[in-house]
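Okay, so here's the structure we're looking at.
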Amino acid sequence: MNRPHRRVAAPALLAVALVVTALALPSSAGRPTASLREVNEQVKAAAGVPHTDPPGTPAHTHDPRFKNQLARGGEQGVETVDPTTAVEARAAASYVASERALPDPRLTRVPVLQRRRPEPQDRYAMAGGCYTLSPAPGRYLVRSGSGLRAAAVARGRAARFRFEPTRLGAYLLYTTDRRFLAGSGGLAVDDRPSREADWTVTKRPAGFKLTLRGNRSLQARGATASLGAAPTLFRLRTVGPCPAHPEAQVDISGWPHAGVTPFQEVRGFVDAHTHGMAYEFLGGRAHCGKPWDQYGVTYALVDCPDHQVTGGNGAVLETFLSGKPSHDPVGWPTFKDWPAPDSLTHEGTYHRWMERAWRGGLRVFVNLLVENNKLCEVYPAKKNSCDDMDSIRLQAKRMYQFQDYVDAQFGGPGKGFYRIVKTPFEARRVINAGKLAVVMGIETSVPFGCTFKAVLGSDRPACTAADITRQIGEMHRMGVRQMELVNKFDNALGGVAGDEGSTGLVVNGANFLETGSFWDMRTCKPAATENSDRTQFAAPGGLPAQDAIFGAIGQLFGSVLPAVPLYPPADHCNARGLTSLGAHTIRELARRDMLFDPDHLSVKARQAAMGVIEQLRYPGVLSSHSWSTPDAYPRIYRAGGFITPYAGDSTGFVDKWRRHVGWADPRYYWGIGYGADINGLGAQGNPRGASVRNKVTYPFKGIGGVTVQRQRAGKRVYDINRDGVAQYGLYPDWIQDLRKVAGATRPGDGTAIFDDMSRGPEAYLQMWERATGIRPDSCRNPGLRKPVGAVRRLVRPGLTTEQVMRRVGQPFRRLGSSYGVCAKAPGRPKVMVTIDFTPKGRVRAVRT
């Protein structure tokens, strides 16, 4: 009973030590300060608390509006005026409409699983199948009490086992009475899975060997079935039925869509900002549940120990974030209170929910490795290192383990839907094979150890340019291909936009603990900037919290945080911009064709960063979750970049989509995606209500013709109208809701937003291709057109699609087995040249 409390005691000692240290730290020199308690009172008085908190909860606000803002932090004022004119916006919208009218690529469908053979072809193929075990012709293992024996019986009387994968080539053997064949104390069946029930399977020419740890193999000697060092080789034959092992359902029928060739234009949806491995961040104890467990959903989707031991009443962080005094701690099979759109401490990307999103059309997924060392240190319970780079390495390792686990469920290496990719060309092949291209990225507060210490009025960086170059190389080898420079703290690379309200208060305090200085927020000068950063407290009054989990940790355990300055009148701009080390980092990213995300930078730093991007003429830039500002969005599009606004509510996203359409650059392929920011960092889309006139009706048809039903997990049935985006598997439903919202407000917009979203993965890939040095297409860019004769000379038979693009630029058309590029001829400024490829993507012919 007391054990969970003892686990928290040791980390709590660190928190106490930090309290003493923090209270000894000076406040900002000569500047008035406000304590956490004082400013929380301001927040309470100025903004109000829209719910009743349990006794002892610090004063705070819950304001979801930032989910739906164009600039997620809520910048406003004269400095945030969009530089785009109405004429420019109308021209951009007209261009986007013309893009939607282009021919779509032809799609096909591919099976979800390989066809199951009567006998498995390898040691992976029995995943999810029901089999008998035969030690010799005519003999089978049969149940005998709580164990097994071998007997000469008809196959229909043999014992049946469902092979439930725990990892590649290893299984739980699930019996017809819903127990597990195990080797604890001799061969028997157990009620629970364990290491003693985790069988490694090896294929031999004469059959399969089944082994437990300690080199104990399943053997049949005469009528006796037992464990021993001398294995019996068993023949496995399919049989049925076997009971299903507990698992969340997908509830999407129909095969996933794919391309007719590996190199054609792709369709689907793109999420450029989510944290699939965040269960390991903030020390690994702040997050409840995980994306997978070797023993299945009943072990993966469980609440945190401190939630369970108190019946959901001791979930301090969850209570603070959601505003609910308690919650039902039971996960599987009831899921009464979690996951939910505002349940930020609970797992949202369980592998079956990820599978549902893929089956519903998701084709590019950016998994960002995330950490904040100081808030990790403040949180009293942890099992992992709080060092940003240690955490990033651990989460990257978990990504590859997750990929292997998904492969195990689908029948072997490379068979699963979750494919980590490292180039846009590999991603295109993966998507056209009907799978999910997963890009590894970084969003952390102290990348590469590049913090700084403010000493006697000057900054002392904790890293050098050589350190950055070396570690970017390491990250590139690890698989990282997308990166932000900052997250919550100023660092040696640049200044941050900061956070507003009570969250800004605590994160600013943590920034002081990390760097020895507070954010240098000053009143913006309209002549110097087009946008502002997060507004800080300027007594009296305050603003609602943003990115709540960071502020919540600081407020709940925030006696470790010092008093923060009271700033001059708003609007506020961080005087810390991009440093020389930050510019060096951007150049190193570009040198390795890695994508740069300017989100979370201060306006000053972002403008300088975009200056570096424009100087390099580097198109590998994207804003992934609306933490940039309206002055930056057009610059990103003009650079050849890509943007995925923060998902949030469907109504808010439709408004953001309409604004982004007005920024489209006609020199580049158009498409858009979303940044879900799920798993501890961002609240998800709320339901619009089951009684609205234009609600989502089930079943509905999704991309590629799949049929989407309400998703079930145990006893819980999810409905987007009632539950919102409670977990990641509901994003296909959310996209259907976008169609309903857009179409209800403007006729035709339901189809338009779906078209733009389904073109998102192609737009992302084309941006990434340009980042590798491939020029934009010559149809949208007349100045890049070559003479027809030059194109014919450059494009020779046998070249790959990538080699062709490096010679003549991106194709305007990628339909089926041919590419189309624009050229010029005497008296003809535009001639379409068609390049035909073999099924393997080699040039076969060039024609005009």
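Starting from 1 in every chain, residues are counted up; chains themselves are A, B, ... following the order of the structure tokens, and ligands are numbered from 1 as listed.
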
Taking the chain letters and numbering used in this document, name the residues of stretch 582-742 of chain A that DSSP puts in alpha helix (DSSP H), as a ChimeraX atom specification. /A:582-591,603-616,632-638,650-661,720-723,731-742

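The shell of residues at most 10 Å from A:Ala159, with only C-alpha atoms counted and near chain neighbours (fewer than 6 positions) removed, consists of Tyr131, Thr132, Leu133, Ser134, Tyr140, Leu141, Val142, Arg143, Ser144, Leu148, Arg149, Ala150, Thr175, Thr176 and Val239 of chain A.
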
Those residues you just picked out, can you put them in a file as a tab-separated table (two decimals), in the first residue's frame with C-alpha atoms?
```tsv
chain	number	residue	atom	x	y	z
A	131	TYR	CA	-2.43	-22.91	-34.91
A	132	THR	CA	-2.04	-26.48	-33.76
A	133	LEU	CA	1.38	-27.88	-32.73
A	134	SER	CA	2.39	-31.24	-34.17
A	140	TYR	CA	-0.63	-33.16	-31.74
A	141	LEU	CA	-0.31	-31.37	-28.45
A	142	VAL	CA	-3.58	-31.54	-26.49
A	143	ARG	CA	-4.66	-29.99	-23.21
A	144	SER	CA	-4.23	-32.18	-20.15
A	148	LEU	CA	-0.16	-30.41	-22.22
A	149	ARG	CA	0.50	-33.88	-23.56
A	150	ALA	CA	1.15	-35.33	-27.01
A	175	THR	CA	-5.30	-20.64	-25.24
A	176	THR	CA	-8.98	-21.25	-25.96
A	239	VAL	CA	-6.97	-24.01	-37.40
```

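Of note, atom CA of A:Pro630 and atom CA of A:Arg746 are spaced 23.9 Å apart.
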
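The space separating atom CA of A:Lys695 from atom CA of A:Ala683 comes to 21.2 Å.
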
Set the distance at 9 Å and use only C-alpha atoms: which residues neighbour stretch 114-116 of chain A once local chain neighbours fewer than 5 positions away are removed? I'd like the list as a tab-separated table (two decimals) with N, CA and C atoms, in the first residue's frame.
```tsv
chain	number	residue	atom	x	y	z
A	125	ALA	N	5.34	-15.09	-39.58
A	125	ALA	CA	4.08	-15.13	-40.32
A	125	ALA	C	2.90	-15.60	-39.50
A	126	MET	N	3.13	-16.20	-38.33
A	126	MET	CA	2.01	-16.70	-37.55
A	126	MET	C	1.36	-15.62	-36.68
A	129	GLY	N	-2.38	-15.49	-35.76
A	129	GLY	CA	-3.03	-16.67	-36.30
A	129	GLY	C	-3.30	-17.73	-35.24
A	238	THR	N	-2.66	-24.02	-39.53
A	238	THR	CA	-3.76	-23.13	-39.17
A	238	THR	C	-5.00	-23.94	-38.81
A	410	PHE	N	2.28	-7.29	-37.95
A	410	PHE	CA	1.88	-7.40	-39.36
A	410	PHE	C	2.62	-8.51	-40.12
A	411	GLY	N	3.44	-9.29	-39.43
A	411	GLY	CA	4.00	-10.47	-40.08
A	411	GLY	C	5.46	-10.44	-40.42
A	415	LYS	N	6.97	-5.33	-42.85
A	415	LYS	CA	5.57	-5.61	-43.19
A	415	LYS	C	4.60	-4.61	-42.54
```

Could you tell me, as a PyMOL selection string, which residues of stretch 62-150 of chain A DSSP assigns to strand (DSSP E) when given the backbone? chain A and resi 107-109+130-134+140-144+147-150

Would you put the residues from that selection into a file with all heavy atoms, as a short mmCIF file (atom, residue, chain, number, x, y, z; two decimals), in the first residue's frame?
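Output below, filename selection-v6.cif:
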```cif
data_model
loop_
_atom_site.label_atom_id
_atom_site.label_comp_id
_atom_site.auth_asym_id
_atom_site.auth_seq_id
_atom_site.Cartn_x
_atom_site.Cartn_y
_atom_site.Cartn_z
N LEU A 107 -5.09 5.77 -58.06
CA LEU A 107 -4.74 5.02 -56.87
C LEU A 107 -5.20 3.57 -56.99
O LEU A 107 -6.11 3.25 -57.76
CB LEU A 107 -5.39 5.65 -55.63
CG LEU A 107 -5.03 7.12 -55.33
CD1 LEU A 107 -5.80 7.63 -54.12
CD2 LEU A 107 -3.53 7.28 -55.11
N THR A 108 -4.57 2.73 -56.22
CA THR A 108 -4.99 1.34 -56.10
C THR A 108 -5.13 1.03 -54.63
O THR A 108 -5.04 1.92 -53.79
CB THR A 108 -3.97 0.41 -56.79
OG1 THR A 108 -4.47 -0.93 -56.77
CG2 THR A 108 -2.62 0.45 -56.10
N ARG A 109 -5.36 -0.21 -54.30
CA ARG A 109 -5.48 -0.62 -52.91
C ARG A 109 -4.55 -1.81 -52.65
O ARG A 109 -4.31 -2.62 -53.54
CB ARG A 109 -6.93 -1.00 -52.56
CG ARG A 109 -7.92 0.13 -52.76
CD ARG A 109 -9.30 -0.31 -52.33
NE ARG A 109 -10.31 0.72 -52.60
CZ ARG A 109 -11.59 0.61 -52.26
NH1 ARG A 109 -12.01 -0.48 -51.63
NH2 ARG A 109 -12.45 1.57 -52.53
N CYS A 130 -4.16 -18.67 -35.59
CA CYS A 130 -4.57 -19.76 -34.70
C CYS A 130 -3.98 -21.06 -35.25
O CYS A 130 -4.24 -21.42 -36.41
CB CYS A 130 -6.09 -19.83 -34.66
SG CYS A 130 -6.75 -21.01 -33.47
N TYR A 131 -3.20 -21.76 -34.42
CA TYR A 131 -2.43 -22.91 -34.91
C TYR A 131 -2.51 -24.09 -33.94
O TYR A 131 -2.68 -23.93 -32.73
CB TYR A 131 -0.96 -22.54 -35.09
CG TYR A 131 -0.71 -21.51 -36.17
CD1 TYR A 131 -0.73 -20.15 -35.88
CD2 TYR A 131 -0.49 -21.91 -37.49
CE1 TYR A 131 -0.51 -19.21 -36.87
CE2 TYR A 131 -0.27 -20.96 -38.48
CZ TYR A 131 -0.28 -19.62 -38.16
OH TYR A 131 -0.07 -18.69 -39.15
N THR A 132 -2.32 -25.28 -34.53
CA THR A 132 -2.04 -26.48 -33.76
C THR A 132 -0.55 -26.74 -33.80
O THR A 132 0.17 -26.27 -34.70
CB THR A 132 -2.78 -27.69 -34.32
OG1 THR A 132 -2.39 -27.88 -35.71
CG2 THR A 132 -4.28 -27.50 -34.23
N LEU A 133 -0.04 -27.52 -32.81
CA LEU A 133 1.38 -27.88 -32.73
C LEU A 133 1.49 -29.38 -32.87
O LEU A 133 0.93 -30.14 -32.06
CB LEU A 133 1.97 -27.42 -31.40
CG LEU A 133 1.95 -25.92 -31.11
CD1 LEU A 133 2.49 -25.64 -29.71
CD2 LEU A 133 2.76 -25.17 -32.14
N SER A 134 2.24 -29.80 -33.89
CA SER A 134 2.39 -31.24 -34.17
C SER A 134 3.85 -31.63 -34.04
O SER A 134 4.69 -31.15 -34.83
CB SER A 134 1.88 -31.57 -35.57
OG SER A 134 2.16 -32.90 -35.91
N TYR A 140 -0.43 -34.57 -32.05
CA TYR A 140 -0.63 -33.16 -31.74
C TYR A 140 -0.54 -32.96 -30.23
O TYR A 140 -0.77 -33.89 -29.45
CB TYR A 140 -2.00 -32.67 -32.23
CG TYR A 140 -2.17 -32.71 -33.72
CD1 TYR A 140 -2.71 -33.84 -34.33
CD2 TYR A 140 -1.78 -31.64 -34.51
CE1 TYR A 140 -2.87 -33.89 -35.71
CE2 TYR A 140 -1.94 -31.68 -35.89
CZ TYR A 140 -2.47 -32.80 -36.48
OH TYR A 140 -2.62 -32.85 -37.84
N LEU A 141 -0.21 -31.72 -29.85
CA LEU A 141 -0.31 -31.37 -28.45
C LEU A 141 -1.78 -31.15 -28.10
O LEU A 141 -2.52 -30.48 -28.85
CB LEU A 141 0.48 -30.11 -28.13
CG LEU A 141 2.00 -30.19 -28.26
CD1 LEU A 141 2.64 -28.90 -27.75
CD2 LEU A 141 2.57 -31.39 -27.52
N VAL A 142 -2.21 -31.70 -26.97
CA VAL A 142 -3.58 -31.54 -26.49
C VAL A 142 -3.53 -31.08 -25.05
O VAL A 142 -2.54 -31.29 -24.34
CB VAL A 142 -4.39 -32.86 -26.63
CG1 VAL A 142 -4.49 -33.28 -28.08
CG2 VAL A 142 -3.77 -33.97 -25.79
N ARG A 143 -4.59 -30.44 -24.60
CA ARG A 143 -4.66 -29.99 -23.21
C ARG A 143 -4.82 -31.18 -22.29
O ARG A 143 -5.58 -32.11 -22.57
CB ARG A 143 -5.79 -29.01 -23.02
CG ARG A 143 -5.57 -27.65 -23.67
CD ARG A 143 -4.48 -26.85 -22.97
NE ARG A 143 -4.82 -26.55 -21.60
CZ ARG A 143 -5.54 -25.49 -21.23
NH1 ARG A 143 -5.97 -24.62 -22.15
NH2 ARG A 143 -5.81 -25.27 -19.95
N SER A 144 -4.12 -31.14 -21.17
CA SER A 144 -4.23 -32.18 -20.15
C SER A 144 -4.21 -31.49 -18.80
O SER A 144 -3.14 -31.13 -18.29
CB SER A 144 -3.07 -33.17 -20.27
OG SER A 144 -3.13 -34.14 -19.23
N GLY A 147 -1.83 -28.57 -18.03
CA GLY A 147 -0.65 -28.67 -18.89
C GLY A 147 -0.99 -29.20 -20.27
O GLY A 147 -2.11 -29.01 -20.78
N LEU A 148 -0.02 -29.87 -20.88
CA LEU A 148 -0.16 -30.41 -22.22
C LEU A 148 0.37 -31.84 -22.25
O LEU A 148 1.20 -32.24 -21.43
CB LEU A 148 0.62 -29.57 -23.24
CG LEU A 148 0.23 -28.12 -23.46
CD1 LEU A 148 1.26 -27.45 -24.38
CD2 LEU A 148 -1.15 -28.01 -24.06
N ARG A 149 -0.10 -32.58 -23.25
CA ARG A 149 0.50 -33.88 -23.56
C ARG A 149 0.42 -34.07 -25.06
O ARG A 149 -0.31 -33.34 -25.76
CB ARG A 149 -0.21 -35.00 -22.83
CG ARG A 149 -1.66 -35.20 -23.21
CD ARG A 149 -2.33 -36.28 -22.37
NE ARG A 149 -3.74 -36.42 -22.70
CZ ARG A 149 -4.22 -37.19 -23.68
NH1 ARG A 149 -3.38 -37.91 -24.44
NH2 ARG A 149 -5.52 -37.25 -23.91
N ALA A 150 1.17 -35.00 -25.59
CA ALA A 150 1.15 -35.33 -27.01
C ALA A 150 0.31 -36.58 -27.22
O ALA A 150 0.42 -37.54 -26.44
CB ALA A 150 2.56 -35.54 -27.54
#
```

May I ask for the distance between atom CA of A:Arg785 and atom CA of A:Gly809, given in Å to one decimal place? 9.3 Å

Shell around A:Met277 at 9 Å using only C-alpha atoms, local window under 4 positions removed, as a compact mmCIF listing (two decimals) with N, CA and C atoms, in the first residue's frame:
```txt
# COMPACT_ATOMS: atom_id res chain seq x y z
N PHE A 281 9.32 11.34 -21.85
CA PHE A 281 9.89 12.65 -21.55
C PHE A 281 9.52 13.08 -20.13
N LYS A 290 1.34 4.22 -22.62
CA LYS A 290 2.39 4.23 -23.64
C LYS A 290 1.84 3.69 -24.95
N PRO A 291 2.55 3.90 -26.05
CA PRO A 291 2.01 3.53 -27.37
C PRO A 291 1.90 2.03 -27.59
N THR A 349 -1.40 8.12 -28.59
CA THR A 349 -0.96 7.53 -29.86
C THR A 349 -0.71 6.03 -29.72
N ASN A 367 7.31 12.57 -36.10
CA ASN A 367 7.40 12.30 -34.66
C ASN A 367 8.54 13.13 -34.08
N LEU A 368 8.18 14.08 -33.23
CA LEU A 368 9.17 14.98 -32.66
C LEU A 368 9.61 14.49 -31.29
N LEU A 369 10.92 14.34 -31.12
CA LEU A 369 11.53 13.96 -29.86
C LEU A 369 11.59 15.22 -29.00
N VAL A 370 11.10 15.16 -27.77
CA VAL A 370 10.84 16.38 -27.00
C VAL A 370 11.35 16.23 -25.58
N GLN A 395 14.21 8.41 -26.84
CA GLN A 395 12.97 8.41 -27.61
C GLN A 395 13.21 7.93 -29.05
N ALA A 396 14.36 8.27 -29.63
CA ALA A 396 14.68 7.76 -30.96
C ALA A 396 14.80 6.24 -30.94
N ARG A 398 13.26 4.29 -28.91
CA ARG A 398 11.90 3.78 -28.78
C ARG A 398 11.15 3.81 -30.12
N MET A 399 11.42 4.80 -30.97
CA MET A 399 10.78 4.83 -32.29
C MET A 399 11.12 3.58 -33.09
N ASN A 679 -0.08 14.26 -27.14
CA ASN A 679 0.73 13.57 -26.13
C ASN A 679 1.43 14.53 -25.18
```

Surrounding residues of A:Phe208 excluding itself and chain neighbours under 4 positions, 6 Å, only C-alpha atoms, as a short mmCIF file (atom, residue, chain, number, x, y, z; two decimals) with all heavy atoms, in the first residue's frame:
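part.cif, written as the output of this step:
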```cif
data_model
loop_
_atom_site.label_atom_id
_atom_site.label_comp_id
_atom_site.auth_asym_id
_atom_site.auth_seq_id
_atom_site.Cartn_x
_atom_site.Cartn_y
_atom_site.Cartn_z
N THR A 202 11.85 -20.08 -33.61
CA THR A 202 12.92 -20.18 -34.60
C THR A 202 12.51 -21.22 -35.64
O THR A 202 12.04 -22.31 -35.29
CB THR A 202 14.25 -20.61 -33.96
OG1 THR A 202 14.53 -19.73 -32.86
CG2 THR A 202 15.39 -20.53 -34.96
N LYS A 203 12.70 -20.90 -36.92
CA LYS A 203 12.34 -21.83 -38.00
C LYS A 203 13.53 -22.70 -38.37
O LYS A 203 14.64 -22.20 -38.54
CB LYS A 203 11.84 -21.08 -39.23
CG LYS A 203 11.21 -21.98 -40.28
CD LYS A 203 10.64 -21.18 -41.43
CE LYS A 203 9.83 -22.04 -42.37
NZ LYS A 203 10.58 -23.18 -42.93
N ARG A 204 13.29 -23.97 -38.47
CA ARG A 204 14.26 -24.95 -38.96
C ARG A 204 13.64 -25.69 -40.15
O ARG A 204 12.41 -25.68 -40.30
CB ARG A 204 14.63 -25.94 -37.85
CG ARG A 204 15.31 -25.31 -36.64
CD ARG A 204 16.77 -24.96 -36.98
NE ARG A 204 17.48 -24.47 -35.80
CZ ARG A 204 17.65 -23.20 -35.51
NH1 ARG A 204 17.13 -22.27 -36.32
NH2 ARG A 204 18.33 -22.82 -34.44
N LEU A 233 11.03 -30.09 -32.77
CA LEU A 233 10.63 -29.23 -33.88
C LEU A 233 9.18 -29.53 -34.22
O LEU A 233 8.83 -30.67 -34.54
CB LEU A 233 11.53 -29.44 -35.08
CG LEU A 233 13.01 -29.07 -34.86
CD1 LEU A 233 13.82 -29.33 -36.13
CD2 LEU A 233 13.16 -27.64 -34.42
N PHE A 234 8.34 -28.53 -34.14
CA PHE A 234 6.90 -28.68 -34.33
C PHE A 234 6.48 -28.18 -35.70
O PHE A 234 6.98 -27.16 -36.20
CB PHE A 234 6.13 -27.93 -33.24
CG PHE A 234 6.27 -28.52 -31.87
CD1 PHE A 234 7.29 -28.12 -31.03
CD2 PHE A 234 5.37 -29.47 -31.42
CE1 PHE A 234 7.42 -28.66 -29.76
CE2 PHE A 234 5.48 -30.01 -30.15
CZ PHE A 234 6.52 -29.60 -29.31
#
```

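Among the candidate residues A:Pro111, A:Ala583, A:Arg235, A:Asp593, the one lying nearest to A:Gln607 is A:Ala583, with distances computed using only C-alpha atoms.
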
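Using only C-alpha atoms, the nearest neighbour of A:Ala244 within the list A:Lys324, A:Arg179, A:His600, A:Lys488 is A:Arg179.
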
Excluding same-chain residues fewer than 3 positions from A:Pro262, what lies within 10 Å of it counting only C-alpha atoms, as a PyMOL selection string? chain A and resi 258-259+265-266+425-434+816-817+839-841

From A:Ile442, A:Val725, A:Met594, A:Ile672, residue lying nearest A:Trp353 [only C-alpha atoms]: A:Val725

Which polymer residues have any atom within 7 Å of an atom of stretch 773-783 of chain A, counting only C-alpha atoms, with same-chain residues fewer than 3 positions away left out, as number ranges by chain? A: 666-668, 769-770, 805-806, 809-812, 821-822

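Minimum distance to A:Gly312 across A:Val330, A:Tyr295, A:Tyr174, A:Gly743 (counting only C-alpha atoms) occurs at A:Val330.
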
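Of the residues listed (A:Ser623, A:Gln264, A:Gln482, A:Gln401), A:Ser623 shows the shortest atom-to-atom separation from A:Met610; distances use only C-alpha atoms.
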